[in-house]
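Below: one structure, written as structure tokens.
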Amino acid sequence: MTPVRLIDIVAALGGELLGDGNVVVARIAALDSAGLDAITFLANPRYAAQLPGSRAACVIVAPALRADAMARGTALIVDDPYLYYARLTQWWRRREASPPVPGVHTSAVVEAGARIAADASVGPLAYVGAGAVIGPGAVIGAQAHVAADAAVGERTRIAAQAVLGTGCRIGARGIVHGGVVIGADGFGFAPVKAEGGNAWEKIEQLGAVWIGDDVEIGANTCIDRGALEDTVIDHGVKLDNLIQVAHNVRIGAHTAMAGCVGIAGSTRIGRHCTAGGAAMILGHLELADHVHISAASVVSRSILKPGTYSGFFPIDDNAAWEKNAATLRQLHLLRERLRALEKKA
Amino acid sequence: MTPVRLIDIVAALGGELLGDGNVVVARIAALDSAGLDAITFLANPRYAAQLPGSRAACVIVAPALRADAMARGTALIVDDPYLYYARLTQWWRRREASPPVPGVHTSAVVEAGARIAADASVGPLAYVGAGAVIGPGAVIGAQAHVAADAAVGERTRIAAQAVLGTGCRIGARGIVHGGVVIGADGFGFAPVKAEGGNAWEKIEQLGAVWIGDDVEIGANTCIDRGALEDTVIDHGVKLDNLIQVAHNVRIGAHTAMAGCVGIAGSTRIGRHCTAGGAAMILGHLELADHVHISAASVVSRSILKPGTYSGFFPIDDNAAWEKNAATLRQLHLLRERLRALEKKA
Amino acid sequence: MTPVRLIDIVAALGGELLGDGNVVVARIAALDSAGLDAITFLANPRYAAQLPGSRAACVIVAPALRADAMARGTALIVDDPYLYYARLTQWWRRREASPPVPGVHTSAVVEAGARIAADASVGPLAYVGAGAVIGPGAVIGAQAHVAADAAVGERTRIAAQAVLGTGCRIGARGIVHGGVVIGADGFGFAPVKAEGGNAWEKIEQLGAVWIGDDVEIGANTCIDRGALEDTVIDHGVKLDNLIQVAHNVRIGAHTAMAGCVGIAGSTRIGRHCTAGGAAMILGHLELADHVHISAASVVSRSILKPGTYSGFFPIDDNAAWEKNAATLRQLHLLRERLRALEKKA
């Protein structure tokens, strides 16, 4: 990255600088690995012991660590070092990034009837269907796909090879990463008698996907269109990679979910929730606001009370697990035997 | 959607109409949310109590609810309301959808030696390899990929950015959703001694993927090619999104699997089976016909008897889970202690 | 495949042939299904009983089975039959495969400033960004995406519709399968106060992805770019399909992971490890060399000792599972009751 002066950082992002503003930093680095050319931050008081030993050119710390930071050397005092770090990455990235080229690349295919804002960018080999609307400053990446009647909000970026399906809509300032598929058919079939058992008759999915503002969607994540109404992802939701959002799901504002999560059909998830990686949330459930699901846990009933919920089998060395798993398959009987003993005692 | 008269629905799909056939409906809606312009259906007798209060223009019900439905107003009596609903979505979608444009889009790349039916459609920026065969009425979506020597059956649709690999084959009336990868290499390696442990020597995957008729494959699902023989997905199978089907797997006809399921190599699954979301089926197993695996359950041995099988750790508030999980790691010892007590008693 | 003589196989790959080198084989097949035109192999002594009944034209066996193999007919004696089989698939595939056409397809888009080796191949509708480097003999598949400043090593193949993100790098002889997304943003956000709870401020991901030589990456797998440093996949690593590798993860050389595995952020995995399908490894952990994680197991703490580790709920018929799962939710209390009894006894 292009080196910057501390004084330029402070001018852009605020904070109280202790030391020489003309010091130049060339990178952001972690506290324990930062070299002499780096700015670093101390967000978690647990790592305070690493502070004196850091070689960084400047350390971003909270007011409580002002004295310790000064004892070490140049420091930047801010209310929330982690948030400041986030904004520093954004500021630096904006300085570096070449702005997308406005206009439609000659190799892109744009169907008649699409409306593309003058300063939007449609990349090489991208496709924009009839009736699609691309908002001001939006960026459609190389080989991305915006289907007919879909809408991309202001300054939203659709990365290489992502798909926004027919009639689906994403609001402003969103990011859709590579390989995402928004608006594939929900998984809906009616059983119909056939030889040897049921076959499956397709239920056409007549809804679409509605995504609010400031939503980020990780690589290869899928969000299916609704059966009759829209699947809804509210403002500020953050989804990591390889997540499955089934039809008719509703995810409340500012909820964040880590990679490999699955949400089955028609489940409604509240605002400000989180789900750890590979959490699985079954269908037709309701999760209240501020519900937090641990990684790899299976939600099989509605959760109406805020809190943290968990459930996975603890890992062990293989031999121990085998014995415990075998016993677990008789757990109900063990309980009966215990009861019998209690009666005797 | 374009409004339709009830009489037109009955003319197309049958059923006994109670009430005015000239009533016009503009949408299909759920029983509890249907407005005055909607047709709805009552498939699950559990919801019968909602019937009198529904504002829908028309309710599709089974013969058993004929009297209740008449008491409410206009109704359509059919043998299987859910199946009728499925067919109604299909009929309505067909009326709405603009048929795909036959022919090859000028921006598509079709290699010499590909055979494309005259009324098939190859979309913008799609790729069709040498020796590939695209059947009558088939639709290859924008930016989709049909590799060399692959075959797409009559009226099958390959959505945007799906990949059908070299020599792979899908039958008639199939649907392959966006981002699907059919025919990537199965995961096969032979260990070979290297410094500090084994390295891995690639086993080239010489089989392909064979997919029957009426198969639907959800977004970003992967079906790997076989090592020596083909991986096989039989007629009528329905796979949801983000499913992994490893090499040499065989899935029997009319089996349906929800999102995020994984099936390891060489496993054979019967006909008319189901798997809930994120079920994991280990390799080299056999599942009989009519086996149903619950969501998030791990199949680690063959299942030769029809039935429903489950296994996941029940979710709980985090503190309770922690205590129970810790105890679980000593379960085998608890059993020993119980046995000791029983001997004493 | 084109039929070959046994003598040609031996000339290319070595081994001691017992029988007529002019025998022609048309395929490789499994021991139990091989026909008269097939060569087969016996890698697992467990299957030795199948040897006498095999109809194969030739059987590849280890020296220990020399006598049994001779009694049956034509045989090829090699030190490691499974490794020989792997190399045989490679040799045969190389004979069959039409070499990729060197040069850039006219429909591909290559930005100014990309450097492409003269004998590399850039397929139809592929994209290569400014500053990207494509090494000698590398193959960029149809519709694949190599972003700006990315680097593809010698003879590495990027399959159809895979994405190598900005500034990311893969070494020599790699294989990246369809739909893979390398270099999407890691999932990093700082909480920021908002109405009703926290919203999320994006942490720009300033690192990239560094991938060594001889790495294979399965279809639709995702490897995110690092927050500050690179995410690292070392030499010889093999990843199956639909795997999630979060930002800042490091995977040691020759580690192999089956489909649907997830690895959360900043976790470091050793060399020569394996993970079964759908294993989930939480974040900020360390796994030593030679650690093996069973399928569907959740790694929630660091594992510093080589060995095999497991943890998943054993599957059972649904009714039995329900009873055991309900009891499991009271397991801690059962333990208390057992303790109470022990005190009495």
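Each chain of the structure tokens is named A, B, ... in the order shown, its residues numbered from 1; ligands are numbered from 1 in display order.
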- Task: Pick out the residues sitting within 9 Å of segment 93-96 of chain A, and hand them over as a ChimeraX atom specification; count only C-alpha atoms, and ignore anything fewer than 5 positions along from it in its own chain.
- Result: /A:1-2,88 /C:204-206
- Item | Every residue of segment 48-85 of chain B that DSSP places in helix (DSSP H, G or I), as a PyMOL selection string | chain B and resi 48-50+63-72+81-85
Any chance you could export the current selection's C-alpha atoms as a PDB file, in the first residue's frame?
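Now in part.pdb:
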```pdb
ATOM      1  CA  ALA B  48     -58.825 -25.883   8.897  1.00  0.00           C
ATOM      2  CA  ALA B  49     -59.668 -23.454  11.685  1.00  0.00           C
ATOM      3  CA  GLN B  50     -58.277 -20.640   9.530  1.00  0.00           C
ATOM      4  CA  PRO B  63     -63.785 -33.117  -0.511  1.00  0.00           C
ATOM      5  CA  ALA B  64     -63.842 -33.603   3.259  1.00  0.00           C
ATOM      6  CA  LEU B  65     -63.994 -29.836   3.771  1.00  0.00           C
ATOM      7  CA  ARG B  66     -66.669 -29.222   1.158  1.00  0.00           C
ATOM      8  CA  ALA B  67     -69.327 -28.035   3.595  1.00  0.00           C
ATOM      9  CA  ASP B  68     -66.991 -25.737   5.544  1.00  0.00           C
ATOM     10  CA  ALA B  69     -65.653 -24.265   2.322  1.00  0.00           C
ATOM     11  CA  MET B  70     -69.131 -23.608   0.937  1.00  0.00           C
ATOM     12  CA  ALA B  71     -70.133 -21.914   4.157  1.00  0.00           C
ATOM     13  CA  ARG B  72     -67.253 -19.479   3.639  1.00  0.00           C
ATOM     14  CA  PRO B  81     -55.189 -29.575  -2.798  1.00  0.00           C
ATOM     15  CA  TYR B  82     -51.408 -29.425  -2.402  1.00  0.00           C
ATOM     16  CA  LEU B  83     -50.797 -31.192  -5.694  1.00  0.00           C
ATOM     17  CA  TYR B  84     -53.408 -28.969  -7.332  1.00  0.00           C
ATOM     18  CA  TYR B  85     -51.591 -25.936  -5.947  1.00  0.00           C
TER      19      TYR B  85
END
```
How would chain B read as a compact mmCIF listing (two decimals) with C-alpha atoms, in the first residue's frame after a least-squares superposition onto chain C over every Cα atom, matched in order?
```txt
# COMPACT_ATOMS: atom_id res chain seq x y z
CA MET B 1 -10.43 -44.88 -23.93
CA THR B 2 -7.97 -46.04 -26.57
CA PRO B 3 -6.93 -49.67 -25.95
CA VAL B 4 -3.32 -50.17 -24.89
CA ARG B 5 -0.93 -53.12 -24.67
CA LEU B 6 0.31 -54.25 -21.27
CA ILE B 7 3.85 -53.93 -22.55
CA ASP B 8 3.25 -50.22 -23.16
CA ILE B 9 2.04 -49.76 -19.61
CA VAL B 10 5.12 -51.48 -18.22
CA ALA B 11 7.40 -49.45 -20.47
CA ALA B 12 5.90 -46.26 -19.10
CA LEU B 13 5.31 -47.12 -15.44
CA GLY B 14 7.51 -50.13 -14.60
CA GLY B 15 6.53 -53.27 -12.71
CA GLU B 16 7.10 -56.94 -13.40
CA LEU B 17 4.72 -58.42 -15.95
CA LEU B 18 3.74 -62.07 -15.57
CA GLY B 19 2.15 -63.14 -18.84
CA ASP B 20 1.76 -61.88 -22.39
CA GLY B 21 2.74 -58.25 -22.90
CA ASN B 22 0.78 -58.08 -26.14
CA VAL B 23 -2.50 -58.48 -24.30
CA VAL B 24 -4.59 -55.38 -24.98
CA VAL B 25 -6.77 -53.67 -22.36
CA ALA B 26 -9.43 -51.10 -23.08
CA ARG B 27 -10.21 -49.79 -19.62
CA ILE B 28 -9.37 -49.82 -15.92
CA ALA B 29 -12.03 -51.41 -13.75
CA ALA B 30 -12.66 -52.45 -10.17
CA LEU B 31 -11.70 -55.99 -9.21
CA ASP B 32 -15.26 -57.25 -8.84
CA SER B 33 -16.66 -55.67 -12.00
CA ALA B 34 -13.72 -55.91 -14.40
CA GLY B 35 -14.50 -57.64 -17.68
CA LEU B 36 -12.21 -59.44 -20.10
CA ASP B 37 -11.01 -56.16 -21.64
CA ALA B 38 -9.99 -54.52 -18.37
CA ILE B 39 -6.93 -54.15 -16.24
CA THR B 40 -7.65 -54.05 -12.51
CA PHE B 41 -5.75 -53.77 -9.24
CA LEU B 42 -5.82 -55.27 -5.77
CA ALA B 43 -4.74 -52.62 -3.30
CA ASN B 44 -6.48 -53.77 -0.15
CA PRO B 45 -5.60 -57.27 1.07
CA ARG B 46 -9.16 -57.48 2.44
CA TYR B 47 -10.35 -58.09 -1.12
CA ALA B 48 -7.81 -60.86 -1.85
CA ALA B 49 -10.60 -63.43 -1.84
CA GLN B 50 -12.03 -61.77 -4.95
CA LEU B 51 -8.79 -62.33 -6.84
CA PRO B 52 -9.33 -65.86 -8.19
CA GLY B 53 -12.75 -64.96 -9.53
CA SER B 54 -11.77 -61.79 -11.36
CA ARG B 55 -12.25 -61.93 -15.13
CA ALA B 56 -9.84 -59.06 -15.75
CA ALA B 57 -7.25 -59.34 -18.51
CA CYS B 58 -4.59 -58.36 -15.99
CA VAL B 59 -4.44 -57.77 -12.23
CA ILE B 60 -1.99 -55.38 -10.58
CA VAL B 61 -0.88 -56.87 -7.23
CA ALA B 62 1.76 -56.50 -4.56
CA PRO B 63 4.67 -58.99 -4.34
CA ALA B 64 2.98 -60.79 -1.45
CA LEU B 65 0.18 -61.93 -3.76
CA ARG B 66 2.46 -63.04 -6.58
CA ALA B 67 1.59 -66.73 -6.35
CA ASP B 68 -2.17 -66.17 -6.09
CA ALA B 69 -2.07 -63.75 -9.00
CA MET B 70 -0.10 -66.15 -11.20
CA ALA B 71 -2.54 -68.93 -10.41
CA ARG B 72 -5.32 -66.72 -11.81
CA GLY B 73 -3.53 -65.53 -14.97
CA THR B 74 -1.82 -62.42 -16.28
CA ALA B 75 -0.53 -60.14 -13.53
CA LEU B 76 1.59 -57.09 -12.94
CA ILE B 77 3.70 -57.16 -9.75
CA VAL B 78 4.39 -53.74 -8.28
CA ASP B 79 5.41 -52.43 -4.88
CA ASP B 80 2.35 -50.32 -4.27
CA PRO B 81 -0.65 -51.30 -6.41
CA TYR B 82 -2.78 -48.32 -5.39
CA LEU B 83 -0.06 -45.83 -6.26
CA TYR B 84 0.55 -47.69 -9.52
CA TYR B 85 -3.16 -47.44 -10.27
CA ALA B 86 -3.03 -43.69 -9.66
CA ARG B 87 -0.14 -43.32 -12.06
CA LEU B 88 -1.83 -45.55 -14.61
CA THR B 89 -4.89 -43.25 -14.61
CA GLN B 90 -2.59 -40.30 -15.16
CA TRP B 91 -0.68 -41.97 -17.98
CA TRP B 92 -3.85 -43.09 -19.73
CA ARG B 93 -5.54 -39.70 -19.32
CA ARG B 94 -2.50 -37.96 -20.80
CA ARG B 95 -2.70 -40.24 -23.87
CA GLU B 96 -6.38 -39.40 -24.30
CA ALA B 97 -6.57 -35.74 -23.52
CA SER B 98 -6.29 -33.27 -26.34
CA PRO B 99 -3.74 -30.73 -25.16
CA PRO B 100 -5.16 -27.28 -24.53
CA VAL B 101 -4.78 -24.89 -27.41
CA PRO B 102 -2.01 -22.37 -26.62
CA GLY B 103 -2.92 -18.75 -26.90
CA VAL B 104 -5.83 -16.52 -25.99
CA HIS B 105 -9.27 -17.31 -27.40
CA THR B 106 -10.69 -14.43 -29.38
CA SER B 107 -13.70 -14.18 -27.07
CA ALA B 108 -11.58 -13.87 -23.91
CA VAL B 109 -10.95 -10.45 -22.40
CA VAL B 110 -7.36 -9.77 -21.36
CA GLU B 111 -6.65 -6.37 -19.85
CA ALA B 112 -3.60 -4.38 -20.84
CA GLY B 113 -0.63 -5.22 -18.66
CA ALA B 114 -1.42 -8.90 -18.17
CA ARG B 115 1.50 -11.21 -18.93
CA ILE B 116 0.56 -14.55 -20.45
CA ALA B 117 3.17 -17.19 -21.27
CA ALA B 118 3.37 -18.03 -24.95
CA ASP B 119 2.27 -21.63 -24.45
CA ALA B 120 -0.41 -20.89 -21.88
CA SER B 121 -4.04 -21.24 -22.87
CA VAL B 122 -6.79 -18.72 -22.09
CA GLY B 123 -10.18 -20.16 -22.96
CA PRO B 124 -13.34 -18.74 -24.46
CA LEU B 125 -15.02 -15.93 -22.53
CA ALA B 126 -12.31 -16.00 -19.85
CA TYR B 127 -11.16 -12.82 -18.14
CA VAL B 128 -7.58 -11.90 -17.20
CA GLY B 129 -7.08 -8.64 -15.32
CA ALA B 130 -4.36 -6.02 -15.55
CA GLY B 131 -1.07 -7.07 -14.03
CA ALA B 132 -2.04 -10.75 -13.88
CA VAL B 133 0.65 -13.30 -14.71
CA ILE B 134 -0.18 -16.63 -16.38
CA GLY B 135 2.75 -19.07 -16.29
CA PRO B 136 4.05 -21.45 -18.95
CA GLY B 137 1.65 -24.21 -19.88
CA ALA B 138 -1.06 -22.87 -17.58
CA VAL B 139 -4.66 -23.32 -18.69
CA ILE B 140 -7.35 -20.77 -17.91
CA GLY B 141 -10.68 -22.46 -18.65
CA ALA B 142 -13.65 -21.08 -20.47
CA GLN B 143 -15.40 -18.32 -18.52
CA ALA B 144 -12.78 -18.45 -15.74
CA HIS B 145 -11.65 -15.28 -14.01
CA VAL B 146 -8.09 -14.28 -13.12
CA ALA B 147 -8.30 -10.88 -11.50
CA ALA B 148 -5.85 -8.01 -11.58
CA ASP B 149 -2.38 -8.76 -10.22
CA ALA B 150 -3.16 -12.44 -9.65
CA ALA B 151 -0.59 -15.09 -10.59
CA VAL B 152 -1.06 -18.60 -11.96
CA GLY B 153 1.95 -20.93 -11.85
CA GLU B 154 3.39 -23.20 -14.46
CA ARG B 155 1.02 -25.86 -15.80
CA THR B 156 -1.71 -24.94 -13.30
CA ARG B 157 -5.24 -25.35 -14.57
CA ILE B 158 -8.09 -23.03 -13.61
CA ALA B 159 -11.34 -24.72 -14.61
CA ALA B 160 -14.45 -23.20 -16.11
CA GLN B 161 -15.97 -20.44 -14.03
CA ALA B 162 -13.44 -20.47 -11.23
CA VAL B 163 -12.32 -17.12 -9.79
CA LEU B 164 -8.80 -16.20 -8.67
CA GLY B 165 -9.15 -12.85 -6.96
CA THR B 166 -7.12 -9.68 -7.09
CA GLY B 167 -3.51 -10.17 -6.06
CA CYS B 168 -3.97 -13.86 -5.21
CA ARG B 169 -1.38 -16.42 -6.24
CA ILE B 170 -1.33 -20.13 -6.98
CA GLY B 171 1.87 -22.05 -7.67
CA ALA B 172 2.77 -24.71 -10.21
CA ARG B 173 0.86 -27.83 -11.26
CA GLY B 174 -2.28 -26.84 -9.37
CA ILE B 175 -5.87 -27.64 -10.26
CA VAL B 176 -8.71 -25.27 -9.40
CA HIS B 177 -12.10 -26.76 -10.17
CA GLY B 178 -15.26 -25.08 -11.40
CA GLY B 179 -16.98 -22.47 -9.30
CA VAL B 180 -14.11 -22.04 -6.84
CA VAL B 181 -13.81 -18.53 -5.41
CA ILE B 182 -10.33 -17.62 -4.19
CA GLY B 183 -9.87 -14.22 -2.64
CA ALA B 184 -13.33 -13.05 -1.68
CA ASP B 185 -13.27 -10.77 1.33
CA GLY B 186 -12.79 -12.40 4.71
CA PHE B 187 -15.74 -11.95 7.06
CA GLY B 188 -14.60 -9.10 9.25
CA PHE B 189 -16.70 -6.39 10.87
CA ALA B 190 -16.42 -4.13 13.86
CA PRO B 191 -19.59 -3.67 15.93
CA VAL B 192 -20.92 -0.14 15.97
CA LYS B 193 -23.81 1.05 18.10
CA ALA B 194 -27.10 1.38 16.27
CA GLU B 195 -30.76 1.54 17.15
CA GLY B 196 -31.76 -1.60 19.02
CA GLY B 197 -28.30 -3.16 19.06
CA ASN B 198 -25.09 -3.27 17.06
CA ALA B 199 -24.65 -2.74 13.37
CA TRP B 200 -21.51 -3.84 11.54
CA GLU B 201 -18.73 -1.71 10.11
CA LYS B 202 -16.75 -3.41 7.38
CA ILE B 203 -13.09 -4.19 7.94
CA GLU B 204 -11.55 -4.08 4.49
CA GLN B 205 -9.52 -7.21 3.87
CA LEU B 206 -6.09 -6.02 2.84
CA GLY B 207 -4.33 -9.38 2.54
CA ALA B 208 -4.57 -11.87 -0.30
CA VAL B 209 -4.40 -15.67 -0.73
CA TRP B 210 -1.10 -17.49 -1.22
CA ILE B 211 -1.33 -21.04 -2.58
CA GLY B 212 1.70 -23.28 -3.04
CA ASP B 213 2.55 -25.85 -5.71
CA ASP B 214 0.65 -29.08 -6.42
CA VAL B 215 -2.52 -27.90 -4.73
CA GLU B 216 -5.94 -29.12 -5.87
CA ILE B 217 -9.10 -27.23 -4.93
CA GLY B 218 -12.53 -28.81 -5.41
CA ALA B 219 -15.60 -27.31 -7.01
CA ASN B 220 -17.30 -24.34 -5.35
CA THR B 221 -14.78 -24.24 -2.51
CA CYS B 222 -14.05 -20.76 -1.11
CA ILE B 223 -10.76 -19.43 0.23
CA ASP B 224 -11.02 -15.91 1.60
CA ARG B 225 -8.32 -13.28 1.49
CA GLY B 226 -6.61 -12.35 4.74
CA ALA B 227 -7.46 -9.28 6.79
CA LEU B 228 -3.89 -7.96 7.02
CA GLU B 229 -1.66 -10.85 5.97
CA ASP B 230 -2.30 -13.57 3.39
CA THR B 231 -4.38 -16.69 3.88
CA VAL B 232 -1.93 -19.53 3.14
CA ILE B 233 -2.45 -22.95 1.55
CA ASP B 234 0.88 -24.73 1.50
CA HIS B 235 2.34 -27.11 -1.10
CA GLY B 236 0.54 -30.34 -1.89
CA VAL B 237 -2.68 -29.52 -0.05
CA LYS B 238 -5.80 -31.20 -1.45
CA LEU B 239 -9.21 -29.67 -0.78
CA ASP B 240 -12.44 -31.29 -1.91
CA ASN B 241 -15.66 -29.49 -2.92
CA LEU B 242 -17.69 -26.90 -1.02
CA ILE B 243 -15.06 -26.23 1.62
CA GLN B 244 -14.92 -22.90 3.42
CA VAL B 245 -11.48 -21.55 4.32
CA ALA B 246 -11.85 -18.30 6.21
CA HIS B 247 -9.42 -15.40 6.33
CA ASN B 248 -5.97 -15.77 7.83
CA VAL B 249 -6.19 -19.57 7.94
CA ARG B 250 -2.95 -21.43 7.29
CA ILE B 251 -3.06 -25.04 6.04
CA GLY B 252 0.22 -26.96 6.18
CA ALA B 253 1.75 -28.94 3.34
CA HIS B 254 0.11 -32.18 2.15
CA THR B 255 -2.96 -31.82 4.31
CA ALA B 256 -6.12 -33.20 2.69
CA MET B 257 -9.74 -32.33 3.47
CA ALA B 258 -12.95 -33.90 2.23
CA GLY B 259 -16.05 -32.06 1.07
CA CYS B 260 -18.07 -29.56 3.09
CA VAL B 261 -15.35 -28.92 5.67
CA GLY B 262 -15.32 -25.48 7.26
CA ILE B 263 -12.33 -23.72 8.80
CA ALA B 264 -12.97 -20.52 10.70
CA GLY B 265 -10.72 -17.49 10.76
CA SER B 266 -7.06 -17.46 11.83
CA THR B 267 -6.86 -21.19 12.54
CA ARG B 268 -3.54 -22.86 11.77
CA ILE B 269 -3.56 -26.45 10.61
CA GLY B 270 -0.40 -28.53 10.46
CA ARG B 271 1.20 -30.63 7.77
CA HIS B 272 -0.04 -34.08 6.77
CA CYS B 273 -3.38 -33.63 8.48
CA THR B 274 -6.71 -34.92 7.22
CA ALA B 275 -10.30 -33.88 7.83
CA GLY B 276 -13.32 -36.00 6.96
CA GLY B 277 -16.34 -34.55 5.23
CA ALA B 278 -18.19 -31.74 6.98
CA ALA B 279 -15.69 -31.51 9.82
CA MET B 280 -15.87 -28.01 11.30
CA ILE B 281 -12.80 -26.37 12.77
CA LEU B 282 -13.48 -23.26 14.80
CA GLY B 283 -11.43 -20.10 14.69
CA HIS B 284 -8.12 -19.08 16.27
CA LEU B 285 -7.09 -22.70 16.94
CA GLU B 286 -3.94 -24.63 16.24
CA LEU B 287 -3.80 -28.19 14.96
CA ALA B 288 -0.46 -30.00 15.08
CA ASP B 289 1.00 -31.99 12.19
CA HIS B 290 -0.55 -35.43 11.64
CA VAL B 291 -3.87 -34.61 13.26
CA HIS B 292 -6.82 -36.45 11.74
CA ILE B 293 -10.34 -35.19 12.26
CA SER B 294 -13.23 -37.56 11.59
CA ALA B 295 -16.14 -36.59 9.38
CA ALA B 296 -18.79 -34.32 10.86
CA SER B 297 -16.74 -33.59 13.98
CA VAL B 298 -16.43 -30.13 15.48
CA VAL B 299 -12.99 -28.99 16.59
CA SER B 300 -13.56 -26.42 19.31
CA ARG B 301 -10.14 -26.35 20.91
CA SER B 302 -6.54 -26.61 19.70
CA ILE B 303 -5.18 -30.12 19.18
CA LEU B 304 -1.48 -30.32 19.82
CA LYS B 305 -1.00 -34.08 19.77
CA PRO B 306 -1.09 -36.18 16.58
CA GLY B 307 -3.93 -38.68 16.45
CA THR B 308 -7.50 -39.21 15.34
CA TYR B 309 -10.26 -37.15 16.89
CA SER B 310 -14.00 -37.59 16.56
CA GLY B 311 -17.27 -36.26 17.83
CA PHE B 312 -20.71 -36.61 16.36
CA PHE B 313 -24.02 -37.83 17.66
CA PRO B 314 -24.55 -41.47 16.63
CA ILE B 315 -27.52 -41.94 14.33
CA ASP B 316 -30.38 -44.15 15.46
CA ASP B 317 -33.96 -44.80 14.55
CA ASN B 318 -35.85 -41.61 15.18
CA ALA B 319 -37.77 -42.76 18.26
CA ALA B 320 -34.63 -43.99 20.02
CA TRP B 321 -32.79 -40.80 19.18
CA GLU B 322 -35.61 -38.68 20.56
CA LYS B 323 -35.52 -40.48 23.89
CA ASN B 324 -31.76 -40.36 24.17
CA ALA B 325 -31.58 -36.72 23.11
CA ALA B 326 -34.17 -35.76 25.69
CA THR B 327 -32.21 -37.58 28.38
CA LEU B 328 -29.01 -35.95 27.19
CA ARG B 329 -30.45 -32.56 28.03
CA GLN B 330 -30.55 -33.72 31.66
CA LEU B 331 -27.25 -35.54 31.66
CA HIS B 332 -25.66 -33.24 34.17
CA LEU B 333 -28.50 -33.95 36.59
CA LEU B 334 -28.18 -37.68 36.03
CA ARG B 335 -24.57 -37.39 37.07
CA GLU B 336 -25.58 -35.54 40.24
CA ARG B 337 -28.09 -38.26 41.04
CA LEU B 338 -25.50 -40.95 40.47
CA ARG B 339 -23.11 -39.12 42.78
CA ALA B 340 -25.81 -38.91 45.44
CA LEU B 341 -26.43 -42.64 45.20
CA GLU B 342 -22.74 -43.36 45.42
CA LYS B 343 -22.52 -41.35 48.61
CA LYS B 344 -25.33 -43.31 50.11
CA ALA B 345 -24.00 -46.72 49.03
```
- Item | All strand (DSSP E) residues (DSSP, backbone) inside segment 28-239 of chain C, as a PyMOL selection string | chain C and resi 28+38-41+58-61+75-77+103-104+109-110+115-116+121-122+127-128+133-134+139-140+145-146+151-152+157-158+163-164+169-170+175-176+181-182+189-194+197-202+209-211+216-217+222-223+231-233+238-239
